[in-house]
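Student: The structure that follows is given in the form of structure tokens.
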Amino acid sequence: MSSPQDLEVPEALVASYTRSGNEEQRTWIARLPSLVAELLDRWELERDGGTRSGEASLVVPVRRRGTDGTRAALKLQMPRVETTAALIGLRTWNGNGIVRLLDHDPESSTMLLERLDGSRTLASVEDDDVAMNLLAGLMARLHSVPAPEGLRGLGDVAGDMLASVPAAVAALPDPEDRRRLQGWASAVTELAGEPGDRMLHWDLHYDNVLAAEREPWLAIDPEPLVGEPGFDLWPALDTGWEKVRTTGDAPRTVRRRFDLLTEALGLDRQRAAGWTLARLLQNTLWDIEDGRTTIDHSQTTVAEALPRR
């Protein structure tokens, strides 16, 4: 029988669930060790290495007991809409270019996943062209799968963004920032009537691609959405931004990545540029919600590097 006392929850994860004072989040994080122990027993697993965590989830490396010895990973995250979408996506992709879902607990939304190498991401590939082409190959496979029922559509996301623009514009004191945000909103308005029908990852960048045994590289942590593939490009264009910035020519890197991705995926460049502006609009709206009153320089750099529409 596994003991809850055997699991130490990382302080950063505890902080992310308790800083808001939300009682439901506090209850969930307090119960986490007991939940892990319960699932280890139910699925006949034993811990097999140190835990890892992000801002919202805990990953526990495990191994099946007995002669099988299959290596896997428990991923625990508080149930929410995004967790349900991830489960739908992982079931539908069924390991095609992405980590395989082995089992899940409907009540807690815990996933039992294929074990990947969490210590080696696609960021470890030195040549950016090679890494970007590998990422593009995975993205193409993910986009090739028809979207199932039950996922949110890009048309709804775009509509919500556009509804938030007037208040966001008013929150920006710089006239140039206001003009830029309105321009991005105009690009979204042009595209919103044809939002697309592919299943998107929504957050595919170098750190969300891990080395694996079944294949050299596999994607992780999807936030599935139904839409046009061009909306999926921004995380790849922005990936490893601190390193990109030190090159002294970030726009050149963004343009090169955009060219590689649109060619590999067979995308209409103008529509892909427009949907990338939609991501910049979305990011800026989130920043403004958090109290920011200027557009982040990384967003404007990406916008200026895109083909003119």
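Just so we're on the same page: first chain in the structure tokens is A, next is B, and so on; residues restart at 1 for each chain, and ligands are numbered from 1 in the order they show up.
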I'd like the contact shell of Thr70 (chain A) - 12 Å cut-off, only C-alpha atoms, skipping same-chain residues fewer than 4 positions apart - returned as a compact mmCIF listing (two decimals) with C-alpha atoms, in the first residue's frame.
Tutor:
# COMPACT_ATOMS: atom_id res chain seq x y z
CA TRP A 43 -3.27 0.85 -11.21
CA GLU A 44 -0.65 -1.38 -9.53
CA LEU A 45 2.18 1.09 -10.00
CA GLU A 46 5.28 2.02 -8.05
CA ARG A 47 7.18 5.28 -8.17
CA ASP A 48 10.24 5.22 -10.38
CA PRO A 61 7.42 8.69 -12.99
CA VAL A 62 6.08 5.21 -12.35
CA ARG A 63 6.56 1.57 -13.30
CA ARG A 64 4.01 -1.23 -13.36
CA ARG A 65 4.54 -3.77 -10.61
CA GLY A 66 5.35 -7.38 -11.40
CA LEU A 102 -2.38 4.64 -21.43
CA LEU A 112 -1.36 7.65 -17.08
CA LEU A 113 0.99 8.47 -19.94
CA GLU A 114 3.74 6.82 -21.91
CA ARG A 115 7.11 7.67 -20.31
Student: If you run DSSP over the backbone, which residues in region 92-232 of chain A end up alpha helix (DSSP H)? Put them as a CSV table (one decimal) with all heavy atoms, in the first residue's frame.
Tutor:
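What ended up in states-v1.csv:
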chain,number,residue,atom,x,y,z
A,92,THR,N,-7.8,10.9,-29.3
A,92,THR,CA,-8.0,10.9,-30.8
A,92,THR,C,-6.7,10.8,-31.5
A,92,THR,O,-6.6,10.0,-32.5
A,92,THR,CB,-8.7,12.3,-31.2
A,92,THR,OG1,-9.9,12.5,-30.4
A,92,THR,CG2,-9.0,12.3,-32.7
A,93,TRP,N,-5.7,11.4,-31.1
A,93,TRP,CA,-4.3,11.3,-31.8
A,93,TRP,C,-3.8,9.9,-31.6
A,93,TRP,O,-3.0,9.4,-32.4
A,93,TRP,CB,-3.4,12.3,-31.2
A,93,TRP,CG,-3.6,13.7,-31.8
A,93,TRP,CD1,-3.7,14.0,-33.2
A,93,TRP,CD2,-3.6,14.9,-31.2
A,93,TRP,NE1,-3.8,15.3,-33.3
A,93,TRP,CE2,-3.8,16.0,-32.1
A,93,TRP,CE3,-3.6,15.3,-29.8
A,93,TRP,CZ2,-3.9,17.3,-31.8
A,93,TRP,CZ3,-3.7,16.6,-29.5
A,93,TRP,CH2,-3.8,17.6,-30.5
A,128,ASP,N,18.9,25.3,-35.3
A,128,ASP,CA,17.5,25.7,-35.2
A,128,ASP,C,16.6,25.3,-36.4
A,128,ASP,O,15.5,24.9,-36.3
A,128,ASP,CB,17.4,27.3,-35.1
A,128,ASP,CG,16.0,27.7,-34.7
A,128,ASP,OD1,15.6,27.4,-33.5
A,128,ASP,OD2,15.3,28.4,-35.5
A,129,ASP,N,17.2,25.2,-37.6
A,129,ASP,CA,16.5,24.7,-38.8
A,129,ASP,C,16.1,23.3,-38.6
A,129,ASP,O,15.0,22.9,-39.0
A,129,ASP,CB,17.3,24.9,-40.1
A,129,ASP,CG,17.4,26.3,-40.6
A,129,ASP,OD1,16.8,27.2,-39.9
A,129,ASP,OD2,18.0,26.6,-41.6
A,130,VAL,N,17.1,22.5,-38.1
A,130,VAL,CA,16.8,21.1,-37.9
A,130,VAL,C,15.7,20.9,-36.9
A,130,VAL,O,14.7,20.1,-37.1
A,130,VAL,CB,18.1,20.3,-37.4
A,130,VAL,CG1,17.7,18.9,-37.0
A,130,VAL,CG2,19.1,20.3,-38.5
A,131,ALA,N,15.8,21.6,-35.8
A,131,ALA,CA,14.8,21.5,-34.7
A,131,ALA,C,13.4,22.0,-35.2
A,131,ALA,O,12.4,21.3,-34.9
A,131,ALA,CB,15.2,22.4,-33.5
A,132,MET,N,13.4,23.1,-36.0
A,132,MET,CA,12.1,23.6,-36.5
A,132,MET,C,11.5,22.6,-37.5
A,132,MET,O,10.2,22.4,-37.5
A,132,MET,CB,12.3,25.0,-37.1
A,132,MET,CG,11.0,25.7,-37.4
A,132,MET,SD,9.9,26.0,-35.9
A,132,MET,CE,11.0,26.8,-34.7
A,133,ASN,N,12.3,22.0,-38.3
A,133,ASN,CA,11.7,21.0,-39.2
A,133,ASN,C,11.2,19.8,-38.5
A,133,ASN,O,10.2,19.2,-38.9
A,133,ASN,CB,12.8,20.6,-40.3
A,133,ASN,CG,12.8,21.6,-41.4
A,133,ASN,OD1,11.8,21.8,-42.1
A,133,ASN,ND2,14.0,22.1,-41.7
A,134,LEU,N,11.8,19.4,-37.4
A,134,LEU,CA,11.3,18.2,-36.6
A,134,LEU,C,10.0,18.6,-36.0
A,134,LEU,O,9.0,17.8,-36.0
A,134,LEU,CB,12.3,17.9,-35.5
A,134,LEU,CG,13.6,17.2,-36.0
A,134,LEU,CD1,14.6,17.2,-34.9
A,134,LEU,CD2,13.3,15.8,-36.4
A,135,LEU,N,9.9,19.8,-35.5
A,135,LEU,CA,8.7,20.3,-34.9
A,135,LEU,C,7.6,20.4,-35.9
A,135,LEU,O,6.4,20.0,-35.7
A,135,LEU,CB,8.9,21.7,-34.2
A,135,LEU,CG,7.7,22.2,-33.4
A,135,LEU,CD1,8.2,23.0,-32.2
A,135,LEU,CD2,6.8,23.1,-34.3
A,136,ALA,N,7.9,20.9,-37.1
A,136,ALA,CA,6.9,21.0,-38.2
A,136,ALA,C,6.4,19.6,-38.6
A,136,ALA,O,5.2,19.5,-38.9
A,136,ALA,CB,7.5,21.7,-39.4
A,137,GLY,N,7.3,18.6,-38.6
A,137,GLY,CA,6.8,17.3,-38.9
A,137,GLY,C,5.8,16.7,-37.9
A,137,GLY,O,4.8,16.1,-38.3
A,138,LEU,N,6.0,17.0,-36.7
A,138,LEU,CA,5.1,16.6,-35.6
A,138,LEU,C,3.8,17.3,-35.8
A,138,LEU,O,2.7,16.8,-35.7
A,138,LEU,CB,5.6,16.8,-34.2
A,138,LEU,CG,6.8,15.9,-33.8
A,138,LEU,CD1,7.4,16.3,-32.5
A,138,LEU,CD2,6.5,14.4,-33.8
A,139,MET,N,3.9,18.6,-36.0
A,139,MET,CA,2.7,19.5,-36.2
A,139,MET,C,1.8,19.0,-37.3
A,139,MET,O,0.6,19.0,-37.2
A,139,MET,CB,3.1,20.9,-36.3
A,139,MET,CG,2.0,21.9,-36.2
A,139,MET,SD,2.5,23.7,-36.4
A,139,MET,CE,3.4,23.9,-34.9
A,140,ALA,N,2.5,18.7,-38.4
A,140,ALA,CA,1.7,18.2,-39.6
A,140,ALA,C,1.0,16.9,-39.3
A,140,ALA,O,-0.2,16.8,-39.7
A,140,ALA,CB,2.7,17.9,-40.8
A,141,ARG,N,1.5,16.0,-38.5
A,141,ARG,CA,0.9,14.8,-38.2
A,141,ARG,C,-0.3,15.1,-37.2
A,141,ARG,O,-1.4,14.5,-37.4
A,141,ARG,CB,1.8,13.8,-37.5
A,141,ARG,CG,2.9,13.3,-38.4
A,141,ARG,CD,4.0,12.7,-37.7
A,141,ARG,NE,3.6,11.5,-37.0
A,141,ARG,CZ,4.4,10.8,-36.2
A,141,ARG,NH1,5.7,11.2,-36.0
A,141,ARG,NH2,4.0,9.7,-35.6
A,142,LEU,N,-0.2,16.0,-36.3
A,142,LEU,CA,-1.3,16.3,-35.4
A,142,LEU,C,-2.4,17.0,-36.2
A,142,LEU,O,-3.6,16.7,-36.0
A,142,LEU,CB,-0.8,17.3,-34.3
A,142,LEU,CG,0.3,16.7,-33.4
A,142,LEU,CD1,0.7,17.8,-32.4
A,142,LEU,CD2,-0.2,15.5,-32.7
A,143,HIS,N,-2.1,17.9,-37.1
A,143,HIS,CA,-3.1,18.5,-37.9
A,143,HIS,C,-3.8,17.6,-38.9
A,143,HIS,O,-4.9,17.9,-39.3
A,143,HIS,CB,-2.5,19.7,-38.7
A,143,HIS,CG,-2.0,20.8,-37.9
A,143,HIS,ND1,-1.2,21.8,-38.3
A,143,HIS,CD2,-2.2,21.1,-36.5
A,143,HIS,CE1,-0.9,22.7,-37.4
A,143,HIS,NE2,-1.5,22.3,-36.3
A,154,LEU,N,-12.1,27.6,-33.0
A,154,LEU,CA,-11.4,28.8,-33.1
A,154,LEU,C,-12.3,30.0,-33.4
A,154,LEU,O,-12.0,31.1,-33.0
A,154,LEU,CB,-10.3,28.7,-34.2
A,154,LEU,CG,-9.5,29.9,-34.6
A,154,LEU,CD1,-8.8,30.5,-33.3
A,154,LEU,CD2,-8.4,29.5,-35.6
A,155,GLY,N,-13.4,29.7,-34.1
A,155,GLY,CA,-14.4,30.8,-34.3
A,155,GLY,C,-14.9,31.4,-33.0
A,155,GLY,O,-15.0,32.7,-32.9
A,156,ASP,N,-15.2,30.6,-32.0
A,156,ASP,CA,-15.6,31.1,-30.7
A,156,ASP,C,-14.5,31.9,-30.0
A,156,ASP,O,-14.7,32.9,-29.4
A,156,ASP,CB,-16.1,30.0,-29.8
A,156,ASP,CG,-17.3,29.3,-30.3
A,156,ASP,OD1,-18.1,30.0,-31.0
A,156,ASP,OD2,-17.6,28.2,-29.9
A,157,VAL,N,-13.3,31.4,-30.1
A,157,VAL,CA,-12.1,32.0,-29.5
A,157,VAL,C,-11.9,33.4,-30.1
A,157,VAL,O,-11.7,34.4,-29.4
A,157,VAL,CB,-10.9,31.2,-29.6
A,157,VAL,CG1,-9.6,31.9,-29.2
A,157,VAL,CG2,-11.0,29.9,-28.8
A,158,ALA,N,-12.0,33.4,-31.5
A,158,ALA,CA,-11.8,34.7,-32.2
A,158,ALA,C,-12.9,35.7,-31.8
A,158,ALA,O,-12.6,36.9,-31.6
A,158,ALA,CB,-11.8,34.5,-33.7
A,159,GLY,N,-14.1,35.2,-31.7
A,159,GLY,CA,-15.2,36.1,-31.3
A,159,GLY,C,-15.0,36.7,-29.9
A,159,GLY,O,-15.3,37.9,-29.7
A,160,ASP,N,-14.6,35.9,-29.0
A,160,ASP,CA,-14.3,36.4,-27.6
A,160,ASP,C,-13.2,37.4,-27.6
A,160,ASP,O,-13.2,38.4,-26.9
A,160,ASP,CB,-13.9,35.2,-26.7
A,160,ASP,CG,-15.1,34.3,-26.4
A,160,ASP,OD1,-16.2,34.7,-26.6
A,160,ASP,OD2,-14.8,33.2,-25.8
A,161,MET,N,-12.1,37.2,-28.4
A,161,MET,CA,-11.1,38.2,-28.5
A,161,MET,C,-11.6,39.5,-29.0
A,161,MET,O,-11.3,40.6,-28.5
A,161,MET,CB,-10.0,37.6,-29.5
A,161,MET,CG,-9.0,36.6,-28.9
A,161,MET,SD,-7.6,36.4,-29.9
A,161,MET,CE,-8.2,35.3,-31.2
A,162,LEU,N,-12.3,39.5,-30.1
A,162,LEU,CA,-12.8,40.7,-30.7
A,162,LEU,C,-13.7,41.5,-29.8
A,162,LEU,O,-13.7,42.7,-29.8
A,162,LEU,CB,-13.5,40.4,-32.1
A,162,LEU,CG,-12.6,39.8,-33.2
A,162,LEU,CD1,-13.4,39.4,-34.4
A,162,LEU,CD2,-11.5,40.9,-33.6
A,163,ALA,N,-14.5,40.8,-29.0
A,163,ALA,CA,-15.4,41.4,-28.0
A,163,ALA,C,-14.6,42.2,-27.0
A,163,ALA,O,-15.0,43.2,-26.4
A,163,ALA,CB,-16.3,40.4,-27.4
A,164,SER,N,-13.3,41.7,-26.7
A,164,SER,CA,-12.5,42.3,-25.6
A,164,SER,C,-11.6,43.5,-26.1
A,164,SER,O,-11.0,44.2,-25.3
A,164,SER,CB,-11.6,41.2,-25.0
A,164,SER,OG,-12.3,40.2,-24.5
A,165,VAL,N,-11.6,43.7,-27.4
A,165,VAL,CA,-10.6,44.7,-28.0
A,165,VAL,C,-10.9,46.1,-27.6
A,165,VAL,O,-10.0,46.8,-27.2
A,165,VAL,CB,-10.6,44.5,-29.5
A,165,VAL,CG1,-9.9,45.7,-30.2
A,165,VAL,CG2,-9.9,43.2,-29.9
A,166,PRO,N,-12.2,46.6,-27.6
A,166,PRO,CA,-12.4,48.0,-27.3
A,166,PRO,C,-11.9,48.4,-25.9
A,166,PRO,O,-11.2,49.4,-25.7
A,166,PRO,CB,-13.9,48.1,-27.4
A,166,PRO,CG,-14.3,47.1,-28.4
A,166,PRO,CD,-13.4,45.9,-28.1
A,167,ALA,N,-12.2,47.5,-24.9
A,167,ALA,CA,-11.7,47.8,-23.5
A,167,ALA,C,-10.2,47.8,-23.5
A,167,ALA,O,-9.5,48.6,-22.8
A,167,ALA,CB,-12.3,46.9,-22.5
A,168,ALA,N,-9.6,46.8,-24.2
A,168,ALA,CA,-8.1,46.6,-24.2
A,168,ALA,C,-7.5,47.8,-24.8
A,168,ALA,O,-6.4,48.3,-24.3
A,168,ALA,CB,-7.7,45.4,-24.9
A,169,VAL,N,-8.0,48.3,-25.9
A,169,VAL,CA,-7.4,49.5,-26.6
A,169,VAL,C,-7.4,50.7,-25.6
A,169,VAL,O,-6.5,51.4,-25.5
A,169,VAL,CB,-8.2,49.8,-27.9
A,169,VAL,CG1,-7.8,51.2,-28.4
A,169,VAL,CG2,-8.0,48.7,-28.9
A,170,ALA,N,-8.5,50.8,-24.9
A,170,ALA,CA,-8.7,52.0,-24.0
A,170,ALA,C,-7.6,51.9,-22.9
A,170,ALA,O,-7.3,52.9,-22.3
A,170,ALA,CB,-10.1,52.0,-23.4
A,175,PRO,N,-0.4,55.7,-28.3
A,175,PRO,CA,-1.2,55.7,-29.5
A,175,PRO,C,-0.7,54.6,-30.5
A,175,PRO,O,-1.6,54.0,-31.2
A,175,PRO,CB,-1.1,57.1,-30.1
A,175,PRO,CG,-0.7,57.9,-28.9
A,175,PRO,CD,0.1,57.0,-28.0
A,176,GLU,N,0.6,54.4,-30.6
A,176,GLU,CA,1.1,53.4,-31.5
A,176,GLU,C,0.7,52.0,-31.1
A,176,GLU,O,0.3,51.1,-31.9
A,176,GLU,CB,2.6,53.4,-31.5
A,176,GLU,CG,3.3,52.5,-32.5
A,176,GLU,CD,2.9,52.7,-33.9
A,176,GLU,OE1,2.4,53.8,-34.3
A,176,GLU,OE2,3.1,51.7,-34.7
A,177,ASP,N,0.6,51.7,-29.8
A,177,ASP,CA,0.2,50.4,-29.3
A,177,ASP,C,-1.3,50.2,-29.6
A,177,ASP,O,-1.8,49.1,-30.0
A,177,ASP,CB,0.4,50.3,-27.8
A,177,ASP,CG,1.8,49.8,-27.4
A,177,ASP,OD1,2.5,49.4,-28.3
A,177,ASP,OD2,2.1,49.9,-26.2
A,178,ARG,N,-2.1,51.3,-29.4
A,178,ARG,CA,-3.5,51.2,-29.8
A,178,ARG,C,-3.7,50.9,-31.2
A,178,ARG,O,-4.6,50.1,-31.6
A,178,ARG,CB,-4.2,52.5,-29.4
A,178,ARG,CG,-4.2,52.8,-27.8
A,178,ARG,CD,-5.3,53.8,-27.5
A,178,ARG,NE,-5.0,55.1,-28.0
A,178,ARG,CZ,-4.3,56.0,-27.4
A,178,ARG,NH1,-3.9,55.8,-26.1
A,178,ARG,NH2,-4.1,57.2,-27.9
A,179,ARG,N,-3.0,51.6,-32.1
A,179,ARG,CA,-3.1,51.4,-33.5
A,179,ARG,C,-2.7,50.0,-33.9
A,179,ARG,O,-3.4,49.3,-34.7
A,179,ARG,CB,-2.2,52.4,-34.3
A,179,ARG,CG,-2.2,52.2,-35.8
A,179,ARG,CD,-1.0,52.8,-36.5
A,179,ARG,NE,0.2,52.1,-36.1
A,179,ARG,CZ,0.6,51.0,-36.6
A,179,ARG,NH1,-0.2,50.3,-37.4
A,179,ARG,NH2,1.7,50.4,-36.2
A,180,ARG,N,-1.7,49.5,-33.2
A,180,ARG,CA,-1.2,48.1,-33.5
A,180,ARG,C,-2.3,47.1,-33.1
A,180,ARG,O,-2.6,46.1,-33.9
A,180,ARG,CB,0.1,47.8,-32.8
A,180,ARG,CG,0.7,46.5,-33.1
A,180,ARG,CD,2.1,46.3,-32.5
A,180,ARG,NE,3.1,47.1,-33.2
A,180,ARG,CZ,3.8,48.1,-32.7
A,180,ARG,NH1,3.5,48.6,-31.5
A,180,ARG,NH2,4.7,48.7,-33.4
A,181,LEU,N,-2.8,47.2,-31.9
A,181,LEU,CA,-3.8,46.3,-31.5
A,181,LEU,C,-5.1,46.3,-32.4
A,181,LEU,O,-5.6,45.2,-32.7
A,181,LEU,CB,-4.2,46.6,-30.0
A,181,LEU,CG,-4.9,45.5,-29.2
A,181,LEU,CD1,-3.8,44.4,-28.9
A,181,LEU,CD2,-5.5,46.0,-27.9
A,182,GLN,N,-5.5,47.5,-32.8
A,182,GLN,CA,-6.6,47.5,-33.7
A,182,GLN,C,-6.3,46.9,-35.0
A,182,GLN,O,-7.2,46.3,-35.6
A,182,GLN,CB,-7.0,49.0,-33.9
A,182,GLN,CG,-7.7,49.6,-32.6
A,182,GLN,CD,-7.8,51.1,-32.7
A,182,GLN,OE1,-7.0,51.8,-33.4
A,182,GLN,NE2,-8.8,51.7,-32.1
A,183,GLY,N,-5.1,47.0,-35.5
A,183,GLY,CA,-4.7,46.4,-36.7
A,183,GLY,C,-4.7,44.8,-36.6
A,183,GLY,O,-5.2,44.1,-37.6
A,184,TRP,N,-4.3,44.3,-35.5
A,184,TRP,CA,-4.3,42.9,-35.3
A,184,TRP,C,-5.8,42.4,-35.2
A,184,TRP,O,-6.1,41.4,-35.8
A,184,TRP,CB,-3.6,42.5,-34.0
A,184,TRP,CG,-2.1,42.8,-34.1
A,184,TRP,CD1,-1.4,43.1,-35.1
A,184,TRP,CD2,-1.2,42.8,-33.0
A,184,TRP,NE1,-0.1,43.3,-34.8
A,184,TRP,CE2,0.1,43.1,-33.5
A,184,TRP,CE3,-1.3,42.5,-31.6
A,184,TRP,CZ2,1.2,43.2,-32.7
A,184,TRP,CZ3,-0.2,42.6,-30.8
A,184,TRP,CH2,1.0,42.9,-31.3
A,185,ALA,N,-6.6,43.2,-34.6
A,185,ALA,CA,-8.1,42.9,-34.5
A,185,ALA,C,-8.7,42.8,-35.9
A,185,ALA,O,-9.5,42.0,-36.2
A,185,ALA,CB,-8.8,43.8,-33.6
A,186,SER,N,-8.3,43.8,-36.8
A,186,SER,CA,-8.8,43.8,-38.1
A,186,SER,C,-8.4,42.5,-38.9
A,186,SER,O,-9.2,42.0,-39.6
A,186,SER,CB,-8.3,45.0,-38.9
A,186,SER,OG,-8.8,46.2,-38.3
A,187,ALA,N,-7.2,42.0,-38.7
A,187,ALA,CA,-6.8,40.8,-39.3
A,187,ALA,C,-7.6,39.6,-38.9
A,187,ALA,O,-8.0,38.8,-39.7
A,187,ALA,CB,-5.3,40.5,-39.0
A,188,VAL,N,-7.9,39.6,-37.6
A,188,VAL,CA,-8.8,38.5,-37.0
A,188,VAL,C,-10.2,38.6,-37.6
A,188,VAL,O,-10.8,37.6,-38.0
A,188,VAL,CB,-8.8,38.6,-35.5
A,188,VAL,CG1,-9.8,37.5,-34.9
A,188,VAL,CG2,-7.4,38.4,-34.9
A,189,THR,N,-10.7,39.8,-37.7
A,189,THR,CA,-12.0,40.0,-38.3
A,189,THR,C,-12.1,39.4,-39.7
A,189,THR,O,-13.1,38.8,-40.1
A,189,THR,CB,-12.4,41.5,-38.3
A,189,THR,OG1,-12.4,42.0,-36.9
A,189,THR,CG2,-13.8,41.7,-38.9
A,190,GLU,N,-11.1,39.6,-40.5
A,190,GLU,CA,-11.1,39.1,-41.9
A,190,GLU,C,-11.1,37.6,-41.9
A,190,GLU,O,-11.6,37.0,-42.9
A,190,GLU,CB,-9.8,39.6,-42.6
A,190,GLU,CG,-9.8,41.1,-42.8
A,190,GLU,CD,-8.5,41.6,-43.5
A,190,GLU,OE1,-7.8,40.7,-44.1
A,190,GLU,OE2,-8.1,42.7,-43.5
A,191,LEU,N,-10.5,36.9,-41.0
A,191,LEU,CA,-10.4,35.5,-41.0
A,191,LEU,C,-11.4,34.7,-40.2
A,191,LEU,O,-11.6,33.5,-40.4
A,191,LEU,CB,-9.0,35.1,-40.4
A,191,LEU,CG,-7.8,35.6,-41.2
A,191,LEU,CD1,-6.5,35.4,-40.4
A,191,LEU,CD2,-7.7,35.0,-42.6
Student: Would you mind listing what lies within 10 Å of region 145-147 of chain A as a list in words, with only C-alpha atoms counted and same-chain residues fewer than 4 positions away left out?
Tutor: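 Selected residues are Ile88, Gly89, Thr92, Trp93, Asn96, Ala140, Arg141, Leu151, Gly153, Asp197, Arg198, Met199, Leu200, Pro224, Leu225, Val226 and Gly227 of chain A.
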Student: Can you list, as a ChimeraX atom specification, every protein, DNA or RNA residue that comes within 10 Å of Glu289 (chain A) when you count only C-alpha atoms, leaving out same-chain residues fewer than 4 positions away?
Tutor: /A:164,168,171,283-285,293
Student: For the residues in that selection, give me all heavy atoms as a CSV table (one decimal), in the first residue's frame.
Tutor:
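selection24.csv written:
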chain,number,residue,atom,x,y,z
A,164,SER,N,-13.3,41.7,-26.7
A,164,SER,CA,-12.5,42.3,-25.6
A,164,SER,C,-11.6,43.5,-26.1
A,164,SER,O,-11.0,44.2,-25.3
A,164,SER,CB,-11.6,41.2,-25.0
A,164,SER,OG,-12.3,40.2,-24.5
A,168,ALA,N,-9.6,46.8,-24.2
A,168,ALA,CA,-8.1,46.6,-24.2
A,168,ALA,C,-7.5,47.8,-24.8
A,168,ALA,O,-6.4,48.3,-24.3
A,168,ALA,CB,-7.7,45.4,-24.9
A,171,ALA,N,-7.1,50.7,-22.6
A,171,ALA,CA,-6.2,50.5,-21.5
A,171,ALA,C,-4.7,50.8,-21.9
A,171,ALA,O,-3.8,50.8,-21.1
A,171,ALA,CB,-6.3,49.1,-20.9
A,283,ASN,N,-2.4,37.1,-26.9
A,283,ASN,CA,-1.4,37.2,-25.8
A,283,ASN,C,-1.5,38.6,-25.2
A,283,ASN,O,-1.4,38.7,-23.9
A,283,ASN,CB,0.0,37.0,-26.4
A,283,ASN,CG,0.2,35.6,-26.9
A,283,ASN,OD1,-0.5,34.7,-26.5
A,283,ASN,ND2,1.2,35.5,-27.8
A,284,THR,N,-1.7,39.6,-26.0
A,284,THR,CA,-1.7,41.0,-25.5
A,284,THR,C,-3.0,41.2,-24.7
A,284,THR,O,-2.9,41.9,-23.6
A,284,THR,CB,-1.6,42.0,-26.6
A,284,THR,OG1,-0.4,41.8,-27.4
A,284,THR,CG2,-1.6,43.4,-26.1
A,285,LEU,N,-4.1,40.7,-25.1
A,285,LEU,CA,-5.3,40.8,-24.3
A,285,LEU,C,-5.1,40.2,-22.9
A,285,LEU,O,-5.6,40.7,-21.9
A,285,LEU,CB,-6.5,40.1,-25.0
A,285,LEU,CG,-7.0,40.8,-26.3
A,285,LEU,CD1,-8.0,40.0,-27.0
A,285,LEU,CD2,-7.5,42.2,-26.0
A,293,THR,N,0.2,47.6,-19.4
A,293,THR,CA,-0.4,48.7,-20.2
A,293,THR,C,0.4,49.0,-21.5
A,293,THR,O,0.3,50.1,-22.1
A,293,THR,CB,-0.4,50.0,-19.4
A,293,THR,OG1,0.9,50.3,-18.8
A,293,THR,CG2,-1.4,49.8,-18.2
Student: Take CA of Thr27 (chain A) and CA of Leu7 (chain A) and report the distance between them in Å, one decimal.
Tutor: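 These two atoms are separated by 16.5 Å.
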Student: Just want the 8 Å neighbourhood of region 249-264 of chain A, counted on only C-alpha atoms, with same-chain residues fewer than 2 positions away dropped. Output as a VMD selection string.
Tutor: chain A and resid 129 132 to 133 136 to 137 140 233 236 to 238 244 to 247 266 to 269 272 301 to 302 304 to 306
Student: Let's have the selection written as a compact mmCIF listing (two decimals), in the first residue's frame, with N, CA and C atoms.
Tutor:
# COMPACT_ATOMS: atom_id res chain seq x y z
N ASP A 129 17.23 25.24 -37.62
CA ASP A 129 16.50 24.75 -38.79
C ASP A 129 16.12 23.28 -38.63
N MET A 132 13.36 23.07 -35.97
CA MET A 132 12.08 23.58 -36.46
C MET A 132 11.45 22.62 -37.46
N ASN A 133 12.25 21.99 -38.29
CA ASN A 133 11.71 21.01 -39.23
C ASN A 133 11.17 19.78 -38.51
N ALA A 136 7.91 20.87 -37.12
CA ALA A 136 6.92 20.99 -38.20
C ALA A 136 6.39 19.61 -38.60
N GLY A 137 7.26 18.61 -38.60
CA GLY A 137 6.81 17.26 -38.93
C GLY A 137 5.80 16.74 -37.94
N ALA A 140 2.48 18.66 -38.44
CA ALA A 140 1.74 18.20 -39.62
C ALA A 140 0.96 16.93 -39.29
N LEU A 233 1.01 28.36 -35.20
CA LEU A 233 2.42 28.65 -35.48
C LEU A 233 3.12 29.47 -34.41
N ALA A 236 5.78 28.15 -31.89
CA ALA A 236 7.02 27.72 -32.54
C ALA A 236 7.86 28.93 -32.95
N LEU A 237 7.23 29.99 -33.42
CA LEU A 237 7.97 31.19 -33.81
C LEU A 237 8.64 31.83 -32.59
N ASP A 238 7.99 31.73 -31.45
CA ASP A 238 8.44 32.40 -30.22
C ASP A 238 9.34 31.53 -29.35
N VAL A 244 16.90 33.47 -28.93
CA VAL A 244 16.69 34.17 -30.20
C VAL A 244 17.10 35.63 -30.08
N ARG A 245 16.75 36.25 -28.99
CA ARG A 245 17.05 37.67 -28.80
C ARG A 245 18.54 37.94 -28.77
N THR A 246 19.31 36.99 -28.24
CA THR A 246 20.76 37.20 -28.14
C THR A 246 21.45 37.12 -29.50
N THR A 247 20.77 36.64 -30.54
CA THR A 247 21.38 36.59 -31.87
C THR A 247 21.58 37.98 -32.46
N GLY A 266 2.39 23.32 -45.83
CA GLY A 266 1.61 23.65 -47.02
C GLY A 266 0.55 24.70 -46.76
N LEU A 267 0.88 25.74 -45.99
CA LEU A 267 -0.09 26.74 -45.59
C LEU A 267 -0.10 27.95 -46.52
N ASP A 268 -1.22 28.58 -46.65
CA ASP A 268 -1.33 29.88 -47.30
C ASP A 268 -0.63 30.90 -46.41
N ARG A 269 0.41 31.54 -46.94
CA ARG A 269 1.25 32.40 -46.11
C ARG A 269 0.49 33.60 -45.55
N ALA A 272 -1.79 32.37 -42.80
CA ALA A 272 -0.97 31.98 -41.65
C ALA A 272 -0.45 33.21 -40.91
N THR A 301 7.93 42.32 -32.29
CA THR A 301 9.01 41.78 -33.14
C THR A 301 8.47 40.71 -34.07
N VAL A 302 7.65 39.80 -33.53
CA VAL A 302 7.06 38.76 -34.37
C VAL A 302 6.17 39.39 -35.44
N GLU A 304 6.29 42.33 -36.83
CA GLU A 304 7.04 43.03 -37.86
C GLU A 304 7.82 42.09 -38.78
N ALA A 305 8.06 40.86 -38.31
CA ALA A 305 8.81 39.90 -39.11
C ALA A 305 7.92 39.11 -40.07
N LEU A 306 6.60 39.18 -39.87
CA LEU A 306 5.68 38.42 -40.71
C LEU A 306 5.54 39.07 -42.09
